[in-house]
Structures are given as C-alpha cells and as structure tokens.
Amino acid sequence: MRSIIKISFLFILLTNISACNKFLDKLDNPNLVQDPPLDGLLATVTFKTGTNVYSLGDVTSYYTQYLASNSSGSDADIYNEVDYSTTWTNFYTAMSNLKQLADKAAVQNSPHHQGIAKILLGFNINLLTNTFGDVPYSQALEGLNLLVPAFDDQATLYTTSLNLLDEGIADLEKDGNGFEIDSRSDLIHHGDTDAWIKTAYALKARYLNQVSKSAEYSTTEILAALDKAYTSNDDDAMLTAFEGLSPWNEAAVNNANLNLDGWLSTQFVDALNGTTFGVMDPRLPRIASITKFGDYRGTPNGEGRIGSGTNEEESYLSLDGFYSAAGAPLLMITNAETEFIRAEASFRNDDLPGAYAAYIAGITAHMTKLGVAESDMDAYLANPAVGVGASNITLDLIFKEKYVVMFLNPEAWVDARRFDYKYKDFELPTGASLDDFIRRLAYPSVETSRNGANVPEVNSLKERLRFDE
Amino acid sequence: MSFYPKMHGGLAAGIYIARTFHHQVNDRKMKLFFMRVMTLAFLLTLNCVLLAAGTSGQDLSQTRLSIDLRDVSLKTALKRIEGSTSYSFSFRTADISSAGRVSLSAKDISLEKLLSELFSSAGLSYEVINSNIIIKKNRPSIGVESENILDNGGIKGRVVDDKGQAVVNASVLIMETKIGTAADDNGRFSFTGIAPGTYRLQISAIGYLTLTKSVVVSSNQITDANMALQADATTNMTEITVTALGIKKERRELGYSAQEVKGDALVASHQSNIVNALQGQATGLQINSGGGAPGQGAKILLRGINSLDPNRDFQPLFVIDGVPIDNATSTDDGSELLSVGNRASDINPDDIESVNILKGGAATALYGLRAATGAIIITTKSGKAGKLRVQCTSTGSIDEINKYPETQGVYTQGNLGVYDSSSFWPGFGPTIAEAKAIDPTHPDKLFNNFKHGYKQGKSIRNSLNISGGNERATFTAAFSQFNQDGIMPFTDYRNYSAKVGGDFKISEKLRFGTSLNYIKSGGRRQNADRYNENLTYFAPRWDIWDYIKPDGSQKTIVGSDNWNPIYILYGTHYVDDVDRIISNSNITYSPFKWLDVSYRFGIDHYNDSRILTKPGPLGVPDELYSLGDFENGVMNVYNATNTVLNSTFMLNFKNSLGTHLKSSLKIGHDLYKTKKNYQYTDGDTLIVPTFYSLSNVKRTTGRSYTRDYRIIGLFADWTLSWDNFLYLTLTGRNDITSTLRKENRSFFYPSASISYVFSENFNLPSWMTFGKVRFSVAGIGKDAVPYATAKGFQIGSPLTNNVSPFNLSDQIGDTNLIAEFTTSYEAGFELRFLQNRLGLDFTYYNNTSKDLLIPVKVPVTSGYDQIYLNSGSIRNKGLEISVSGTPVQTKDFSWDIRVNYTKNVNKVLSIYPDLKEITMGSQFGYSSSTVTQKYIPGYPVGALFGRNYERYYGDKEENPEVLEKDLPIVIGANGFPVLNPASKQQYIANSQPKWIGSFSSTLRYKNFNLYFLFDAQQGVYRFNQFANFLASFALQKDAEHRNDIVVFPGVLEDGTPNTKPVWLGQGTGPDGVDYGSAGYYRAYYRAASENFVEDASWVRLRTLSLGYSVPVALVQKTKILQGASITFSGNNLWLSTKYSTFDPESSSTNSGSVSDGFAGFTYPATRNYILSVNLNF
C-alpha cells in the first residue's frame, strides 16, 4: 500500500516538475511565421501600397466627379461625412508591413529592400496627409510600446515623405550587399532598382508640385527631379498582380452582376464626349461602356440613376476598358503624369513652349497607354480645342487634360483642390451638404473610437489642408 | 482512527476563511494560508494511512500491537490504540469518563487481550462491527441478567431497499437497549449478547422511511431479521447529486445551488440537441436556439456573460460521465451562417440519465478554468445488476414553421406604382387588380414567400438501450439512429450513435469501468440568412417552387435579375460529416474503507469533414446563372480533427472523526490536452460544371491550421460534516496553462462553501419539513485563448502571379498577460413545507470579474488591429428562485408543479483606459441603420447602439449617447421625421433578458401522464435585420398603408406641433407634391435603427405531452414485454411575442458566438408534433 501511494505522488511530482515545462511550452503560434523572407514582405508591401491607390481612388473619384453613385443623395456624392475606416486601416496595414520590411532589411543589411520600403512609406504618408491632414506617423506603428499614437502635423508629414524619398534613393544607389530584389515579389518594378529610383524622383516631382499655392514652391527643384524621373510609359509604377480580380475590374463585374458599382459621373463623361469641350475624346470608349442609346452618358453626382439601374441607361466602367478590364493595372504614378507636372512647372516658370511640349507629350503618353489608335490620337491633338499651340497654352488647359490623365487616381483630388475645382462646368453635386467644394475628409471611426483623445478636431469638410491654403 | 482535537483547529480555520475571504481573495498570504490548511489536512490523513498500513482483518486476537500507557484517561488510551490499528472506537463519552485513569505497558499484545485488560475493571464491554469497536457500558436492564452470557441470543439480518439492493450504512437500533449498529457494505448487521425477549428494532437510513419491527430473541440463538426499507418518495433531501469531477454528494451538503434535470424531463420535448432540451428546466440558464435547422446548434449561457472576449466561446464546460468533451461550434471554414451544430448535439438524448447544472464558482472550482462559465454534467444511463433490460424507443415528429412575418398582400411587382413583371422590385408596383388589368396571367393573390418558402419537416429517431449484469459486472449498450428533413428546402441531418459500457467489480477493493461511444453525425446545411434575403427580393407574384427547367438550369423571373431562392438551395451542397469517438475508462482502488484511489482517462476525438460544392454554368441555351451565389462553380474541402484527452487522478480520504464529525478529503491531479488540426482547400471555377472533384477546378488555394492547448491542474476538496446538518467544503485548485508565459501560467484559486440544514437543529413548526441555508465564495481564474501572446507573420493566398505574400499578423498579445479572475459570492436557502409538498429554493449571487482578457481593438495606427490585453472588469448579479409543489397526491392522481425564475443584471465596470468602447458585433441595416453591440462602461454587455430619429429636448439637457424614446420626434419642414446623422450612435436597448422564467407541471392519473412547460424570456431586445429589409422593399404588412396621407406625430425644430400632412408613397402624391423616387419607407423609416430594435420577449408553450403507460398486467400477458408506453407531444405549440418576423428565439449568429443582439434572417424556429412509443423487454 505504501508503495502505491508513493508511486502516485511521485507521478504527480514528476509530471509537474520535469515533464510539465515541456508539456506546457505551447506559447508560440505554429500557424505564424517568425522570420519571413524579405521578398515575402516585399510582395506584401508592393501589393498593399498599389492597392491603396485603388482604395483611396474609390473615395476621391466621387469628389473629382469621375464616378457618381447610382443612388440619389449618396453620402459620398453629396459631401456627407462618410466613415472611411477601411481605407484608413488599409494604409496603416501597408505602412506597418513597410516598417517591418525596413527594419528587417536594416538588420540584414539589404539596402535595396530598405530603399524600396522607404519610398513606399513616403508614398503612403503623402496620400494620407493630403486626404486626412494630420495623421500619426512619428509615434505610429510601435505596437505595444505605444498603443495610442499622437498625430503629426502636415508640414512635418510633408517633409517626412520627401525625406523618405531621398533616403530611399540613397539606399537604392548603394551596393545591394548581395541581396537581389526578387523580380516576382517586386510587384511594381520587378526587381529593377533603376526603375525604383526613377519612380522616387517622379514622386519627388509630384510632391514638390503639390505646394503650388505656397511660397516654398520651386519649379527649379521640380524640373531637376523630373530630369531624373520617367522617360517613357515603360517606367510607370503600377501594380499588375492581384488577389483575384483587378479591383476596378471587380467593380465592373459587380455592376454587371447588379451589385451596382463603377458608375461614371456626368462631369467626366461630358468632358470627354464632346458636351463640354466640343470634341469627342477617343479615350472615352477605352474607359466607359456604351449606353443602350448608343452613346455615352454619365450620372449627375447626387442625383442617382434614372431607371432601375439595370437597363444600361448610363455609362459604367467598361468590362473591357483600360482601367477596368480583367487584369487591368493599378497606376500609381505614370509617365503621362510627370509630363503634366513638367507642363505645369514650365508654365509657372513662364516657359510656354516647354509647357506646351510637355502637355502634348502627356496626352500622347496617356493615349498610347490606353491603346488609342494613332489616327484618333492625331485627330484629337489636331482639334483646335486641344492643339492650341505653345502661345495659347494655359494652366486651365493643362489641368483640364491632366484631369483625364489622372482618371481614378487619388492624386487627381490634390490637383482639383490646387486648381480650386475650376474645371469647366464643374458644379457642386445635387443636394450637396456643403455650400462649397469638399476639401478634406473627416477622421474615420476606427481612429476616433480607438484613439479619440489624439484625433484632431475637424470643423467642416470645407477646411483646407496645408497644401491647399 | 481519528484526529478529533486537531480537527477543531481545522474547522475553525475553515470558518475563518469563509469570514475573511471577502477581503483577501487575491492576497497571496491568504492563498498560502489556505494551502497550508489543506496541506495540514492532507498530512494528518496521510499520517494515519501510513500508521495503519500494517493491519487488517476482523479478528482482534490477530491484531497485535505494543503500547505504553502511563496514567492516561481511558479516552486517551483508546485514541492511542486507534492510532496503532485500523480499528476505531465508538462510545458515549459518559460511559468512558466514569472509568478511572489507566496505566499499562505491553509488547506485542493482541488487541483482544488489551481490550479485556482495559475494560474489565471499568464495567465496559464491546462488540466489533467491521472495523468499528462499539463500547458499551454493562448495565443490567429489562430484567436480563447480564452475567448470564451463555443464555443470551443475537440478531442478524440484512437491510435492503424495495428493489432488493443493500442499504449501506443503515442504522439499526434496538430500541429497548439503545444498542445500535450500522449495516455494512452488503447491508448486513448483527447483534450478539442480547438477552432473550421481544425487542423493537428500528431501522433508518437517509432517503428511506424509518421502519420499526418486532424481533423475538431466544437464548443461544441468532434470530434472522431481514428488513426491506421503503424509499421515502416525498423527500429528495438526500438526493445524491453529481458534482464536479463526478463526485457524488448529498444535496444537503452543497453550499451552492445545483439543479438536476432528470432524463424524463429532457426526453419530454424530444429535442435532438441536448442543449435545446434544457430549455426552461433550471434557473440561471439562458438558452438561445440557433433556429429550427436540422442538427442546428444552440447556445447556453449560465448566469450571464462574465468574460468580455467577444470571440471566445462562453458556453459552459460539457462533461459526460466524468469526461469533458468538446462543445465547439466550428466555423473555421467560414460557415458562420450555415447553422452548423454545437458538438454537444452529437449526444444521443435517449441515453441521458440526468443532467446537472453547476453554475457558481464554488460548484465548478474543481474543474478549474475550463468551467469558468459553469459546467453541464451529463450522466448517461449505466447498467444495473439484475435481469437483462431492453428498452426500445421510436419517435417520429412532424415539424413546421412556428412563426413567419405577415406580408402586405395589396401591391405587386414594379416600381413607382407601375406594374412590370420583370422588375427587380418585388412590391413597389400597383395593386393586384390594377396589375391584372395589364397582365391577365397575374394571380389573384400574392404569395407570402416566408411561409411558402418553407415546407413540412419530419424526423424519426429509433433508439435501443440494453443493460444488465450481476453484482460483479454490469453492462449497458445504447444505439440510436436519427434522421431529419428540415423545413427549409434541401436541408437534412442524421446522427447514428452506438455506445457500449461496463462496470466491473473485480474485488471488494477494485472497481473498473469503461465506455466507448461512436457517433456519426452531419447533414446538408444551408445559408438561411441568404435564403431569406433572396426570398425578400423575389416578387411574390411568382411561385418560387417553379424553380427548375427541364434542362436542369434555373427558372426565375426573367429580366428581374433576381435569382430563384429555391434553385440556389438546390444547387448549393454543404454537407458536414463527423465521425466521433468518446471513450472513458476509470479504475477505483479502495484499499481501506477510508480511501479510494481513482484514475479516469477520457478521450474525445472527432474528424469533421465538410464539403461545399456549387455548380458552374451549365452552358445550356438562355441559361440564367447566378454568378453571385455559384461563383462559376466551387469545390471547397475542409477536414478537421480534434482530440481532447483528459486524465484525472484522485485520492479520496473518507474519515469518521468520532460520532459527529466526518471528513472527506479529495486530492487530485488533472491533465487536459486538446489539439485541433484542420486543412482547408478552396477550389474555384469548375471546368465540367457539375463534376465535383478537386481535379476539376481551375485554381486551388489551401491553408492549414494547428492548435495545441494544455492544462495541468492540481486540486483538493475537503468536506467536513458535523452530524447531518452542518457542512463545510473547502476547495483549492491550481491550474498551469499553456497559453500564458511561464511566469504567469500557474495560478491558484480557492473556494469555501457552507451548508447548514437548520431544520435538524431547531424545533420547527410541523408544516415546515426542511430548511437549509448555504453560502459560498469562490475565486475562478481563466487563462487566455491559445496563442494570445504570439506574434508573427501570416502567409497570404498566392496572388495572380503565384507569389505568396507574407504579412504581419495584425493581432498581437501582451506577453505579460495574466489570468483573469472572477470572485463570486453566492447565498441561498432551501425550504420545504408540508411534508415536502411545497419547496422553495432561493439563490442570490454576485460575481465580479477583473483583469478580463480582451482582444482589444486598438488604433490601427499602432500597427496592429487587435491586441490581447488584461483590460476591464464586469459584474453579474442575480437571483434564482425555484418553487416546486405537489398540490394533489393521491393513489391515482398526482399533480406536480415547478416554477423557475432567473434574473441576471450585468454591467461593464471598466475597459482599457485609453478606449471608449469595445465593439462586440454588428449587423448591417439599410441607410446607415446598422446596429452595433458594444461594451461601454456603465452599460450592460448587451447594449445595442444605432441611428435614430432626432428628438426634441426643449429645455431638457441632451445626453447624446442615449435615445430618449419618450421625447417627441423632430419633424422637418417637409413633414417627415428628421434622422440623426449616421455618426450619432445612440444606446437603444439591451439584448440581455430582464428575466427568464418557466412554469412546468406534471399531472398523473392512473396510467396517464400530462406534462407541460411554459417558458418566457422578458425584456429582451434584438435588431431585426429581416424587418429592415422588408421595409426597404415595402413588403411588411404595414406597407399596405403606403398610399395614406398622414401627419407625423412630433414637433418642429421650434417645438411647435407638426401639422403637415404628407403622402407615404413614391413619386408624385395625390396632393401634387413630388415625394421622390424612394418614398417614406425607403427614405426615412428603414434608416432609423430604433424602428428595428424590437422587443424580442416571448412567452411560449415550450412542451406539451400526454403519455399513456399500458397497465403492467396487460403488458405482461405478452410474456415478452415488461412495459409499454405511448406519448403524444408538441413543442412550440403556442408563442406570444411582439417580435414582427420569425420566432425571436432563433439567432443569426452561430452557436459559438456570444453576440446575441441580432435575430433576423435566421433559420426559422419550428413547431413539432411528436409521437413516441417506448417498449421495455
């Protein structure tokens, strides 16, 4: 009997002392990878950053009146506060992974991975601050160390985004230290570091051009940056790999399946179908679907559809259009855009021939990109409303044509605000809840509910952001 | 043997604990002290074990010992002897104290000799019963010459119950001599040295009526006196209740509330899911059935929500025959809306003997953290010695939808009042008459799709139970087969179960039991949420049952682009198939009367295989293919295995410490290991449209998952009882979990409970039969979910260029997490009156949980979405009252009633300091009427928030967080109510019931048995998404008023009453005003959440059953049958609720989810008509 009891207790003791530790060491999640390859993270950050262009473009395109909602009085159309929590979260998710990549690349000493990470960080920050104003960055992405980060002011964020580009360029110009950028995992430039450097300069030009209303605006710096940026459409930064359908294609497919989406605004359609400018833009058939009436018709922002929405009485993103066909790329920054930055900077520098040449080059680049037939392109450029000649080039014309080039891109809203929405016939949406054009977004509930104490107050969506003042 | 004097210290210490517990639950010193007390008790007992280890046997002459007594009292001498032998003494102190002091020194003396030395001069004699030596004073009485031993006789006998089973420990008293003894394990007793004469023998035992019988004793003869006791039917105060770890305790011992539900009560409703069968059967129990889907899950909540992790299963631990089983509702494959079952639904309800519901901390303390939300202890039927018994039960049921929404029957398909037979809009057209003028094929009446879309369901269950055995071995076998067709088209469920088990008594000291249960369950499940949504869109002018063309493709409303809901069901196959084995083995070794060593090992293993298929486009002419539902053809395969191993080793020390005090100490070790693995393969785009194979898909993506979770527990339970009226139980458990880091993973929590049966002490009035008060305090720790503290990177699905991205998991845990801790206090009393004809059980409890482990939604700007933190606290308090009575009891007729009442109030006390709210769940509503369930300090956990109409406050100060429903609505200049901005989310109502109650009654008349159960949940609010959708399409009954002109009650911005008449329709009204294309219902009504957070309270006739047992005399004429009965019953025969759509009891969240604020597009509940036949052979 004694022995049974002894054995029993020995058993308890043993299980708890020796075997116990091993038995219970199950803290690590076997479903998570602890040390992912740098290229594995690179795939994520290039993908997520590219997708953010869609995510934000799907917001701003209603304000730039590329798109219009099919239902009347839709909040996005009429400037009601909309909760853009998902978009906000997408940006910080991308940035969180970018920080992981930058940190890991620093530890492993891969300057090229680090350089790409910094450029893309700058890219995300710039889009965010031009949409929401002050946003967290210097205290952000610290995890458990700082759960509720403070917001940085816009001036700091603007400088940060420029500095990150410079640092990224410097990193990319370094020796790769034996690390190759995996061409398949780099979803934007496929391992081409020179292309990344060009993109960094293109972005630098874009950012420097954003402050056109301010004293710090410098055409010299812009032109200098452009000289190191894109030279052809082949240089364009764009995303071509997706989780399933390409996002704008998905909108078109959804629409075809009656989950109404991707409806074009009257403002945009009229600008291209001859209504506003008297010239039919050959890019329109490459973008929009034809109505049952055999023409192109937009939907006025705020008014919604005419019929049941299923009878093709309006134009939608076309299922085989450049922007919305299966596998359509998501454009981040393009050669066409940099030409228009050059046109604007040259114009502001009083270099009218330079401005005009860049204006024509920009249109040509975009039409080429969209696959417009050469004859159509020539006819368009020959139209007196377009081919005005160097002496007649105006800022209005540059902004008008850039508006088409920037279709669906969130940067178009920066342009619209810099241009004070002076596009021809651009009007407040029907039933607008503001008495003037929208200038910024409100902070989303995902931040106000979780980080309420730090979120700055927004009095009105008419409030101008720093670059717009 | 006894350690009586030291025990006093122990008892006092225990009481001290109970008194000071309140302040010191978490104090380390306290824990240390508590552990010391436990250790002391343990050591004392152990000491005795070792000392006694050498002796055994009955014969005093064979028991030898050495002893050295110097001038000690006889009592001390006896103690010393007890300490050296396995015998214990029973005596009256008065008899002993008259003996003088003794001195005696002897080596290797026999006990027999020693005792005669000690007793000879003291005028004492003794007798030996088992290992008890009963000391008696020799006294001449009733004229018997005590010296004349030779002439004396004796009595021996056996005490049995009415079934012939031994009544162990029955007390037997010769009333004339006051000599008493106790029956042994076989019910045997004996007296010797009784003078000839006639004596009255009084036999009493707990739970039996006391029997008095005359016995004649003749000289030199042992008289046989066998006694059969009658069970005391009117009292259940000695009911044995199965408590934690299978420990059987007398009800009167329990210092906490515990309710037992007998198998008969569960079977009355013939529910296939044991959880549903518990409805209304006990207090403190909140059950929400998922709906009426075949094999559908149901969720159960004991005493409210005491934890705040919205993703964690809050359901109590399910234990079958001592083995914890898995009761998860697995939705890893994205089947949240597919009405998959909770795993307890696998259990064959016909095999259940009883269910015990352990609610409070003290009740569940021994199970440790796994039972932090309570425990459901299921005991299945076990074999009984005797002849072979065969029980056969067949049950058939017919099911129908019990409640569906009334829809408008006036307006037909079209928009803006214009008829269009291909319109997307099901009900914005003109009246039927107007439509008929245009389209003569239009039917005279519209269908109610929510009635028409459901059919009659049916189910059949056959079960067979066989049991038998002898005193050495008993066995049981149970088989059941269950098949069900659901009321929703193309849903079914089946369950096959086979169980064998046996208990073996290898020797008097060694017992062994084992059982093995194999279950195969599963069925075809459908997304009721999507189905009801599709039914909403489908114009009720058309017949949904006309859903398929001869070529197999879909038939639907051409041009409407609405899909036929039934065809979608027809095409979608989601079938789960579970193979499960639950096995349990236990062995008990009882080397001594006072010690049981037991070991139990249980395993619950299942494989859950699920396949989802949807057809690709058939490619036939004019095919209408629902791309949104069928996605070009799908083949998804999910395979999960889950294993739960449980090992429990326990030592049970039972001691009688003298005549009054008894001690029972249990010390044990518990090991729990669970592992889940699953693989999920997602195949999209079928090449051949209806060939379902993973090799027939264009792309497959896969993922796998592993979860390993382990707990080691050490526990002790020390119950002390003083006579039959005062009980103290102290428990302590230390858990070591695998989910917290090393420094924090071991945690201790104690409990103390006292039960005092005061009716044993006081002379109560004759109408009061029984009275008991109880009090308990307990701590319960709870660990984190597995991998809560882990961080790392996930691998995403491959992108279209076949690259797999790695991304940082947006969930992370504080690595310093500690266990959350709940302190619960419970007090109650139990009273019985009028010979147990009326009983009252009252419980009050107050549970406070702190350091709650919550996956806190943090600012995404921190880089993470969710961080697992110790954050927040919550309090639950409540009342549980149960009244039972037997108003009539005669030979032929009896009437029993029971009323249960439960009230639980909870409140979120705090959450993580930097956060304002924690979102628990939300459900979409049109036009920003989405309703969200949130945790906000000061609000109950079921707080529902949404968008409302603006209210006029006047001079009253506005609290923007709360809707003040009674204030007048602000009406705009256009005559319509003004909506708050969507961002203004206000508290509307609480989804947790104010109270839950039930009333049940059984009436028996001769062979007839009538049972009914009404139950109610009151003060429950739910967001009715279904109603929100109906309103969006103007399908609700109320939409028949759409052409009315009304003046909305309310005031204008300036507070003056609104007087403006407006038209509710679309377009230009009869007053010439253009009201827009939306109309009132779409533009205003559907956008206010308050219109859809409906009162979901209900009262229902849960079960009504009428049974008839064929008279035994008649049955036995068959020579084969022993008994036969037939039962007609019905469930949900009557329902009273204000809720506008389906039965609000069904919930749109799966049974594993805790958010209960949403009941909309659910699988509707059913009304069942059941016939059951039971035959016993």
# chains A, B, ... in the order shown; residues from 1 in each chain; ligands from 1

call {"tool": "interface_residues", "arguments": {"of": "chain A", "to": "chain B", "cutoff": "7 Å", "atoms": "only C-alpha atoms", "output": "PyMOL selection string"}}
result
chain A and resi 1-2+12+24-34+36+40-41+43-44+89+92-93+96-97+136+140-143+146-149+184-185+241-244+446-447+449-451

call {"tool": "select_by_dssp", "arguments": {"residues": "segment 815-1058 of chain B", "states": "helix (DSSP H, G or I)", "output": "JSON, numbers by chain"}}
result
{"B": [860, 861, 862, 1025, 1026, 1027, 1028, 1029, 1030, 1031, 1032, 1037, 1038, 1039, 1040, 1041]}

call {"tool": "closest_residue", "arguments": {"among": "A:Ile78, A:Leu239, A:Ala379, A:Leu98", "to": "Phe437 of chain A", "atoms": "only C-alpha atoms"}}
result
A:Ile78

call {"tool": "atom_distance", "arguments": {"atom1": "atom CA of Asp68 of chain B", "atom2": "atom CA of Ile109 of chain B"}}
result
11.1 Å

call {"tool": "residues_around", "arguments": {"residues": "Leu121 of chain A", "least_positions_apart": "2", "cutoff": "10 Å", "atoms": "only C-alpha atoms", "output": "list in words"}}
result
Val45, Thr49, Phe91, Tyr92, Ala94, Met95, Ser96, Asn97, Leu98, Lys99, Ala102, Gly115, Ile116, Ala117, Lys118, Ile119, Phe123, Asn124, Ile125, Asn126, Thr160, Ser161, Leu164, Leu165 and Gly168 of chain A

call {"tool": "residues_around", "arguments": {"residues": "Asn130 of chain A", "least_positions_apart": "3", "cutoff": "12 Å", "atoms": "only C-alpha atoms", "output": "MDAnalysis selection string"}}
result
chainID A and resid 56 60 123:127 133:135 153:155 157:158 161 207 210:211 410:418 439:441 464:468

call {"tool": "residues_around", "arguments": {"residues": "segment 294-309 of chain B", "least_positions_apart": "4", "cutoff": "8 Å", "atoms": "only C-alpha atoms", "output": "MDAnalysis selection string"}}
result
chainID B and resid 272:273 275:276 284:290 314:316 329 339:343 345 359 373:374 484:486 491:494 522:523 525 822 847:849 852:855 874:876 878 904:906 941 1150:1152

call {"tool": "residues_around", "arguments": {"residues": "Ala328 of chain A", "least_positions_apart": "3", "cutoff": "8 Å", "atoms": "only C-alpha atoms", "output": "NGL selection string"}}
result
:A and (240 or 246 or 248-249 or 322-325)

call {"tool": "write_last_selection", "arguments": {"atoms": "C-alpha atoms", "output": "CSV table (one decimal), in the first residue's frame"}}
result
chain,number,residue,atom,x,y,z
A,240,THR,CA,-0.3,44.1,-62.1
A,246,SER,CA,-8.2,43.5,-60.5
A,248,TRP,CA,-11.7,48.2,-60.9
A,249,ASN,CA,-12.5,45.1,-62.9
A,322,PHE,CA,-8.3,50.0,-70.0
A,323,TYR,CA,-8.9,50.7,-66.3
A,324,SER,CA,-11.5,48.0,-65.7
A,325,ALA,CA,-10.8,45.1,-67.9

call {"tool": "residues_around", "arguments": {"residues": "Arg342 of chain A", "least_positions_apart": "2", "cutoff": "7 Å", "atoms": "only C-alpha atoms", "output": "MDAnalysis selection string"}}
result
chainID A and resid 223 338:340 344:346 355 358

call {"tool": "write_last_selection", "arguments": {"atoms": "N, CA and C atoms", "output": "mmCIF file, in the first residue's frame"}}
result
data_model
loop_
_atom_site.group_PDB
_atom_site.id
_atom_site.type_symbol
_atom_site.label_atom_id
_atom_site.label_comp_id
_atom_site.auth_asym_id
_atom_site.auth_seq_id
_atom_site.Cartn_x
_atom_site.Cartn_y
_atom_site.Cartn_z
ATOM 1 N N LEU A 223 11.773 70.591 -61.775
ATOM 2 C CA LEU A 223 12.344 70.224 -63.067
ATOM 3 C C LEU A 223 13.593 69.366 -62.867
ATOM 4 N N THR A 338 3.942 62.702 -65.067
ATOM 5 C CA THR A 338 5.161 63.519 -64.919
ATOM 6 C C THR A 338 5.265 64.538 -66.047
ATOM 7 N N GLU A 339 4.771 64.182 -67.231
ATOM 8 C CA GLU A 339 4.760 65.165 -68.319
ATOM 9 C C GLU A 339 3.889 66.364 -67.937
ATOM 10 N N PHE A 340 2.777 66.077 -67.295
ATOM 11 C CA PHE A 340 1.902 67.193 -66.899
ATOM 12 C C PHE A 340 2.478 67.995 -65.730
ATOM 13 N N GLU A 344 3.118 71.918 -66.053
ATOM 14 C CA GLU A 344 2.687 72.927 -65.079
ATOM 15 C C GLU A 344 3.874 73.739 -64.552
ATOM 16 N N ALA A 345 4.971 73.023 -64.223
ATOM 17 C CA ALA A 345 6.145 73.710 -63.686
ATOM 18 C C ALA A 345 6.727 74.649 -64.741
ATOM 19 N N SER A 346 6.787 74.168 -65.981
ATOM 20 C CA SER A 346 7.315 75.001 -67.046
ATOM 21 C C SER A 346 6.435 76.227 -67.228
ATOM 22 N N ALA A 355 6.179 74.061 -71.704
ATOM 23 C CA ALA A 355 4.910 73.640 -71.115
ATOM 24 C C ALA A 355 4.042 72.959 -72.169
ATOM 25 N N ALA A 358 5.335 69.511 -73.210
ATOM 26 C CA ALA A 358 5.056 68.511 -72.180
ATOM 27 C C ALA A 358 3.565 68.159 -72.164
#
